[in-house]
Structures are given as C-alpha cells and as structure tokens.
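Below is one structure; the comments refer to it alone.
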Amino acid sequence: METDLLGRRKFLAASAGAIAAVATGSRLARAQTGKNSSELAILGGQPIRKNKSWPSWPHVDEDVVNSVLNTTKSGIWCRIQSSHGTVPTFEKKFAEMEGATFCVCTGAGTQSLHTSVEALGIGAGDEVITSPYTDPGTIASILAAKALPVLADLDPESFQMDPEDTRRRITQSTKAIMPVHIMGQPCNMDRFMEIAKEHRLKVIEDACQAHLAEFRGKKLGTIGDLGCFSFQTSKTIACGEGGAILGNDEQLMDRCYTIHNHGTSRRGRTEMPGPKYRMNEFEAAVLLGQLPTAQERFELRNKNANYLSAQLKGFEGITPQKLYEGTESGAWYLYGMSYHKEHFNGASRSTFLKAVAAEGIGLSSYIRNGLHREPWIDYILGQRIYQEMFSQERLESYRAETACPNCDRVCQEMVMFWSSGMLLGTEQDMDDIANAIFKVHENRDQLQQIEKS
Ligand SMILES: *Cc1c(COP(=O)(O)O)cnc(C)c1O
C-alpha cells in the first residue's frame, strides 16, 4: 500500500511536470533542455544518453550458478531419475506461483503448445484460430499436429488478436482458439472465453511471454483450458530453452505428461503416440535458481512500464500498447508503441529509429511480417494431408481470407524494446527513453535531412 501511494505521488509529479513542459512548448525533462536538446545526435549534437549501460539479461546470480553446480554433482540429470529432482520441484513451485493446480515442463514453449494441441485431441482436419502477430512457434505447434492454423486480425491499438475477427473465422472444423498475450500483457480474455463457451471451443493460452501477469485476479495461462509458457533466453523467466504447461484438469494434464513423454504415461505404459519433449534437470536448475527473485523483477518492470507510459501520456507521436480493462499487471516482456509518422514531419519509422538510436536508446521494429505473409501457407496448401483432410472449397476460402490489414499496420508502426534489460533500470533510465523520443520529436524538422542522406 505504501509503495502504491509513493508510486501514485511520483506519477502525479511526473504528469504535472509533463503538463508544465507542454505549456512551455517542451516535453523534455528540465535537466535535458538547453543547448543539448537543439541538435539531434545523429547530426552531430549531444546525445541524451551517453556511456550508460542497461541491466544485463539473462539474470545470473550465485543462486543460479550453485543450483546448476549442485545438479551437476548430484548425477540426477534427467527427470525420470528422481521424483525430487529439479524438474518436478520446479513444476510444483511454478504452478504454485501462477495459481495453477498442475504443471508439466517441456523443452520449449513451442513443445508445450504442441503437447497441448495433441492433448486436447486436435489433429488433421481440425482448425485452430490464433494470431498472426506472434512467434512462429505459435503456429508451429498447430502445424506439428497437422491441424490448420487460421489467423485472425489484430486490434491495432493493443497489438492483440481481435475477438470479433476471431469469431468471424469460426467454421464447423474449428476446435480451439489460441489467444496470444503479446508482449506479456493480457489479451481480451473476457471476450475470448465468452466466444469459446458459445461455440464450445477449447482455449489454449499462449502465455509464452506472459509470466506472472494478471487479468481480473487470475494469472495469465490459468484462464483457458491450458496455458503455455516459454523459458527461452529472452523471456522474463529464462533458462536458454524450456517450456511449461499449466492446467487444473488432472486427467488432461496427465495426458499432457504422457504425450510429452513419447506417449509413455506416469504409470509406465506406452499408451499413445507422442514426441519426446522432457525438460532436462540442468534447465530446471537454472529456473529454480532464478525463481526466488523473479517476482521482484516482475514488479520492477511493472513500475517502470507504468512510469514510462505516464510520461508518454497525451503525446501524439507515439502511443504505448493499449491495455484492456481488467489488466492488473503485465509481464512486460516487451514494451511496444505505435509510431505515427504524421507527427514527425512524415519521417519514416527507420529514420526515427536511427535518430533515437543516436540519442542512446535502442528501439526495434520487432516482427517484420505477420505470419499471414510468410510462405508456410503455400507450403501446406500443396501438402497431401491438407488436400485430403479439407475440402477443395475450404482450402480456397482459406487462401482467399488470409488478409490481416490491422496486423500489417502494426508491423509498420511498431517501435519497441526488450524489457528484461531496459525495464529493470531506474526512473532516470525511463526518463532517458522518453526524452530521446521527445527530443527527436522537437527536432523533427531535421529528420528530412537524414531521410535524404
Ligand atoms: C517465445 C514464444 C513462443 C515459443 O517459445 P519457444 O520456447 O521459443 O519455443 C511461442 N509464442 C510466443 C508468443 C513466444 O513469445
């Protein structure tokens, strides 16, 4: 409560400062105004940020190192050697932390998603609706099951899959929807759950970017039938490569275990087909070493993200990711914004990114093309299994309905940064980010020079 109040007071102070700055024609924090701000660094001026580094990622401390050392010495390197090894221990702790009853770890987020699709009995001839604005692992999981990924367009302000477009794309073959919590912030789960109920669809949450984030009092990944996480190096809890499935249905989670264990159940019987997707003990050792401080970093990213968004509030040139009502926190895997070039004298996004980089702030454009624009669609439409499992008519309508214009727009306007390093910085670091953007905006008449050169 106390920190909350403090946060609010700082927020107000920051807003008051921003309003005062607008009144005098400048949004730059006082310390940054003056001769430093009148020429862009890319044209030879003084950069906003110089000789300062960001917190490094991935997180490594003594606990992580000792945990791996202990696993090495123990000789327990594979989960089936002991029920008290690092993998079963991490599964219990992670489930507890996320408020789920059961957890099965795998070797990657993609493996968790694929296992979930198979466990729900989805395969050849079935359709799963998901987002085109995501990691390729999302659709890889559906394709691995020989099902058809159907891509729904985005809400261009939240960068999230649009529930209404999702609803429009439901067919008789649709078995599940796979909402992706992009950038680690909640998608519109109220609507997705309503639509799923109405059409009797399963919901697999792709929470691969969304560790610990909350929507209406529930952690992401625990709202649908199954929730999948990734621990790949860039994610906010990381071990190089790794994944987890969360769920509350014991039978379904038991099936997940069997499938991920080459079809062999906990009872030792080989019961069905399945890949071998077990997490190894070294991966879980890294995760266990990291877990005690994960919540602290999560809270820091939320605090910094809220502070930065408050700085950008009301600024027309850049709009941060829209958050849905019900969002209580985000994982802030990425901090994403839309760039509006009409407020930057028409300068292209790449010119803007270069100018901001010269000020000492690295922003990136993230996903270049939505998955609806990648060649896999032609590939699968030429495959016998798809030609045999779907009618000619369905494949033609599928081909004709791949357009996702809002996703195209998001791909063009996105400017973002990876939060695991940057959002773990100080308030001053957040001011640097905002000031670099504001400085480029104030000197936008200089941007044409860069564009031409
Ligand atoms: C990282 C990621 C995946 C895939 O996870 P891996 O561990 O890399 O296989 C899937 N979906 C989203 C949204 C991701 O960010």
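Chain labels A, B, ... are given in the sequence in which chains occur in the structure tokens; within each chain residues are numbered consecutively from 1, and ligands are likewise numbered from 1 in the order shown.
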Contacts to ligand 1 at 7 Å cut-off (only C-alpha atoms and all ligand atoms) as a PyMOL selection string: chain A and resi 108-111+134-138+180-182+206-209+230-232+241-243
Contacts of Asp155 of chain A within 12 Å, only C-alpha atoms, excl. fewer than 4 positions in-chain, as a ChimeraX atom specification: /A:131-133,159-166,182,187-188,321-324,404-410
Segment 213-373 of chain A: residues DSSP assigns to helix (DSSP H, G or I), reported as number ranges by chain: A: 250-260, 281-312, 341-343, 349-358, 371-373
Straight-line distance linking atom CA of Ala355 of chain A with atom CA of Ala436 of chain A, stated in Å to one decimal: 8.7 Å
Atom CA of Gly45 of chain A to atom CA of Asp432 of chain A, distance in Å rounded to a single decimal: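 Between atom CA of Gly45 of chain A and atom CA of Asp432 of chain A the gap works out to 15.7 Å.
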Separation of atom CA of Gly184 of chain A from atom CA of Leu300 of chain A in Å: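 Separation between atom CA of Leu300 of chain A and atom CA of Gly184 of chain A: 14.5 Å.
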Test item: residues at most 8 Å from Ile204 of chain A, only C-alpha atoms, excluding those fewer than 6 positions along its chain, as a count of residues only: 12
Quick one: residues within 12 Å of segment 442-445 of chain A, only C-alpha atoms, excluding same-chain residues fewer than 4 positions away - as a short mmCIF file (atom, residue, chain, number, x, y, z; two decimals) with N, CA and C atoms, in the first residue's frame?
data_model
loop_
_atom_site.label_atom_id
_atom_site.label_comp_id
_atom_site.auth_asym_id
_atom_site.auth_seq_id
_atom_site.Cartn_x
_atom_site.Cartn_y
_atom_site.Cartn_z
N VAL A 22 4.67 20.93 -21.56
CA VAL A 22 3.86 21.18 -22.75
C VAL A 22 3.54 22.66 -22.86
N GLY A 25 6.13 24.49 -24.35
CA GLY A 25 6.50 24.03 -25.67
C GLY A 25 7.51 22.90 -25.69
N SER A 26 7.89 22.41 -24.51
CA SER A 26 8.86 21.31 -24.49
C SER A 26 8.43 20.24 -23.51
N ARG A 27 8.56 19.00 -23.91
CA ARG A 27 8.23 17.88 -23.04
C ARG A 27 9.48 17.34 -22.36
N LEU A 28 10.63 17.81 -22.78
CA LEU A 28 11.87 17.30 -22.21
C LEU A 28 11.96 17.66 -20.74
N THR A 33 16.89 20.13 -21.07
CA THR A 33 16.68 21.24 -22.01
C THR A 33 17.96 22.05 -22.12
N ASN A 36 21.84 21.15 -25.23
CA ASN A 36 21.92 19.73 -25.58
C ASN A 36 20.76 19.26 -26.44
N SER A 37 19.66 19.97 -26.36
CA SER A 37 18.46 19.43 -26.99
C SER A 37 18.18 20.04 -28.35
N SER A 38 19.00 20.95 -28.80
CA SER A 38 18.64 21.67 -30.03
C SER A 38 19.17 21.02 -31.30
N GLU A 39 20.08 20.07 -31.17
CA GLU A 39 20.53 19.39 -32.38
C GLU A 39 20.53 17.88 -32.15
N LEU A 40 19.99 17.17 -33.12
CA LEU A 40 19.92 15.71 -32.99
C LEU A 40 21.32 15.11 -32.97
N ALA A 41 21.50 14.09 -32.16
CA ALA A 41 22.82 13.43 -32.06
C ALA A 41 23.25 12.85 -33.40
N ILE A 42 22.28 12.40 -34.18
CA ILE A 42 22.61 11.80 -35.48
C ILE A 42 23.21 12.84 -36.44
N LEU A 43 22.95 14.13 -36.13
CA LEU A 43 23.52 15.22 -36.95
C LEU A 43 24.68 15.92 -36.24
N GLY A 45 24.85 16.49 -32.72
CA GLY A 45 24.53 17.06 -31.40
C GLY A 45 24.90 16.13 -30.27
N PHE A 315 0.96 12.33 -25.52
CA PHE A 315 1.90 12.63 -26.61
C PHE A 315 1.39 11.94 -27.87
N GLY A 317 2.72 11.62 -30.94
CA GLY A 317 3.65 10.99 -31.88
C GLY A 317 3.83 9.50 -31.67
N LYS A 341 3.97 8.62 -38.00
CA LYS A 341 4.93 9.48 -38.72
C LYS A 341 4.36 10.85 -39.05
N GLU A 342 3.03 10.95 -39.13
CA GLU A 342 2.44 12.26 -39.45
C GLU A 342 2.78 13.30 -38.38
N HIS A 343 3.14 12.84 -37.18
CA HIS A 343 3.54 13.78 -36.12
C HIS A 343 5.05 14.00 -36.09
N PHE A 344 5.75 13.36 -37.01
CA PHE A 344 7.21 13.53 -37.09
C PHE A 344 7.60 14.06 -38.46
N ASN A 345 6.80 14.99 -38.95
CA ASN A 345 7.13 15.61 -40.22
C ASN A 345 7.21 14.58 -41.35
N GLY A 346 6.47 13.49 -41.20
CA GLY A 346 6.42 12.47 -42.25
C GLY A 346 7.64 11.55 -42.31
N ALA A 347 8.54 11.67 -41.34
CA ALA A 347 9.75 10.83 -41.38
C ALA A 347 9.40 9.35 -41.23
N SER A 348 10.07 8.51 -42.00
CA SER A 348 9.80 7.07 -41.94
C SER A 348 10.20 6.51 -40.58
N THR A 351 13.98 6.04 -40.16
CA THR A 351 14.70 7.28 -39.85
C THR A 351 14.53 7.62 -38.37
N PHE A 352 13.31 7.49 -37.88
CA PHE A 352 13.04 7.74 -36.46
C PHE A 352 13.89 6.82 -35.58
N ALA A 355 17.47 7.94 -35.53
CA ALA A 355 17.66 9.18 -34.76
C ALA A 355 17.60 8.88 -33.25
N VAL A 356 16.66 8.02 -32.84
CA VAL A 356 16.54 7.68 -31.41
C VAL A 356 17.76 6.86 -30.96
N ASN A 435 12.80 11.06 -23.04
CA ASN A 435 13.46 12.27 -23.53
C ASN A 435 14.07 12.10 -24.92
N ALA A 436 14.60 10.92 -25.19
CA ALA A 436 15.16 10.67 -26.53
C ALA A 436 14.04 10.80 -27.57
N ILE A 437 12.87 10.24 -27.24
CA ILE A 437 11.73 10.31 -28.16
C ILE A 437 11.26 11.77 -28.31
N PHE A 438 11.14 12.47 -27.17
CA PHE A 438 10.66 13.87 -27.22
C PHE A 438 11.66 14.76 -27.96
N GLN A 449 16.50 15.69 -43.48
CA GLN A 449 17.91 15.65 -43.85
C GLN A 449 18.47 14.23 -43.80
N ILE A 450 18.05 13.50 -42.75
CA ILE A 450 18.55 12.12 -42.57
C ILE A 450 17.91 11.22 -43.61
N GLU A 451 16.64 11.47 -43.84
CA GLU A 451 15.89 10.64 -44.77
C GLU A 451 16.52 10.73 -46.17
#
Secondary structure check, strand (DSSP E) residues of segment 166-355 of chain A, as a PyMOL selection string: chain A and resi 174-178+202-206+214-215+218-219+226-230+243-247+318-320+327-329+334-339
Selection: 9 Å around Gly125 of chain A, only C-alpha atoms, excl. self and same-chain fewer than 6 positions, as a VMD selection string: chain A and resid 146 to 148 173 385 to 386 388 to 390
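Once segment 257-273 of chain A and its same-chain neighbours fewer than 2 positions away are set aside, A:Val104, A:Thr106, A:Thr115, A:Glu118, A:Ala119, A:Met253, A:Asp254, A:Arg255, A:Pro275, A:Lys276, A:Tyr277, A:Arg278 remain within 8 Å of it when counting only C-alpha atoms.
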Nearby residues (only C-alpha atoms) at most 8 Å from Ile237 of chain A, same-chain spacing under 3 positions excluded, as a PyMOL selection string: chain A and resi 211+231+233+287+290-291+294
What does the file look like for those residues with N, CA, C and O atoms, as a PDB file, in the first residue's frame?
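Result file follows (out-v3.pdb):
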ATOM      1  N   HIS A 211       4.614 -14.453 -18.190  1.00  0.00           N
ATOM      2  CA  HIS A 211       4.826 -14.968 -16.830  1.00  0.00           C
ATOM      3  C   HIS A 211       4.347 -13.986 -15.768  1.00  0.00           C
ATOM      4  O   HIS A 211       4.702 -12.803 -15.809  1.00  0.00           O
ATOM      5  N   PHE A 231      10.582 -20.545 -21.581  1.00  0.00           N
ATOM      6  CA  PHE A 231      11.707 -20.061 -20.772  1.00  0.00           C
ATOM      7  C   PHE A 231      12.940 -19.861 -21.652  1.00  0.00           C
ATOM      8  O   PHE A 231      14.073 -19.977 -21.195  1.00  0.00           O
ATOM      9  N   THR A 233      15.798 -17.922 -23.624  1.00  0.00           N
ATOM     10  CA  THR A 233      16.661 -16.897 -23.001  1.00  0.00           C
ATOM     11  C   THR A 233      16.054 -15.506 -22.896  1.00  0.00           C
ATOM     12  O   THR A 233      16.220 -14.839 -21.880  1.00  0.00           O
ATOM     13  N   LEU A 287      16.250 -22.456 -13.677  1.00  0.00           N
ATOM     14  CA  LEU A 287      14.959 -21.835 -13.334  1.00  0.00           C
ATOM     15  C   LEU A 287      14.764 -21.748 -11.822  1.00  0.00           C
ATOM     16  O   LEU A 287      14.307 -20.725 -11.302  1.00  0.00           O
ATOM     17  N   GLN A 290      16.611 -18.984 -10.326  1.00  0.00           N
ATOM     18  CA  GLN A 290      16.116 -17.668 -10.718  1.00  0.00           C
ATOM     19  C   GLN A 290      14.789 -17.294 -10.061  1.00  0.00           C
ATOM     20  O   GLN A 290      14.460 -16.117  -9.910  1.00  0.00           O
ATOM     21  N   LEU A 291      14.030 -18.334  -9.690  1.00  0.00           N
ATOM     22  CA  LEU A 291      12.657 -18.123  -9.223  1.00  0.00           C
ATOM     23  C   LEU A 291      12.516 -17.208  -7.996  1.00  0.00           C
ATOM     24  O   LEU A 291      11.600 -16.372  -7.965  1.00  0.00           O
ATOM     25  N   ALA A 294      12.298 -13.634  -9.148  1.00  0.00           N
ATOM     26  CA  ALA A 294      11.506 -13.337 -10.356  1.00  0.00           C
ATOM     27  C   ALA A 294      10.378 -12.342 -10.078  1.00  0.00           C
ATOM     28  O   ALA A 294      10.108 -11.440 -10.876  1.00  0.00           O
TER      29      ALA A 294
END
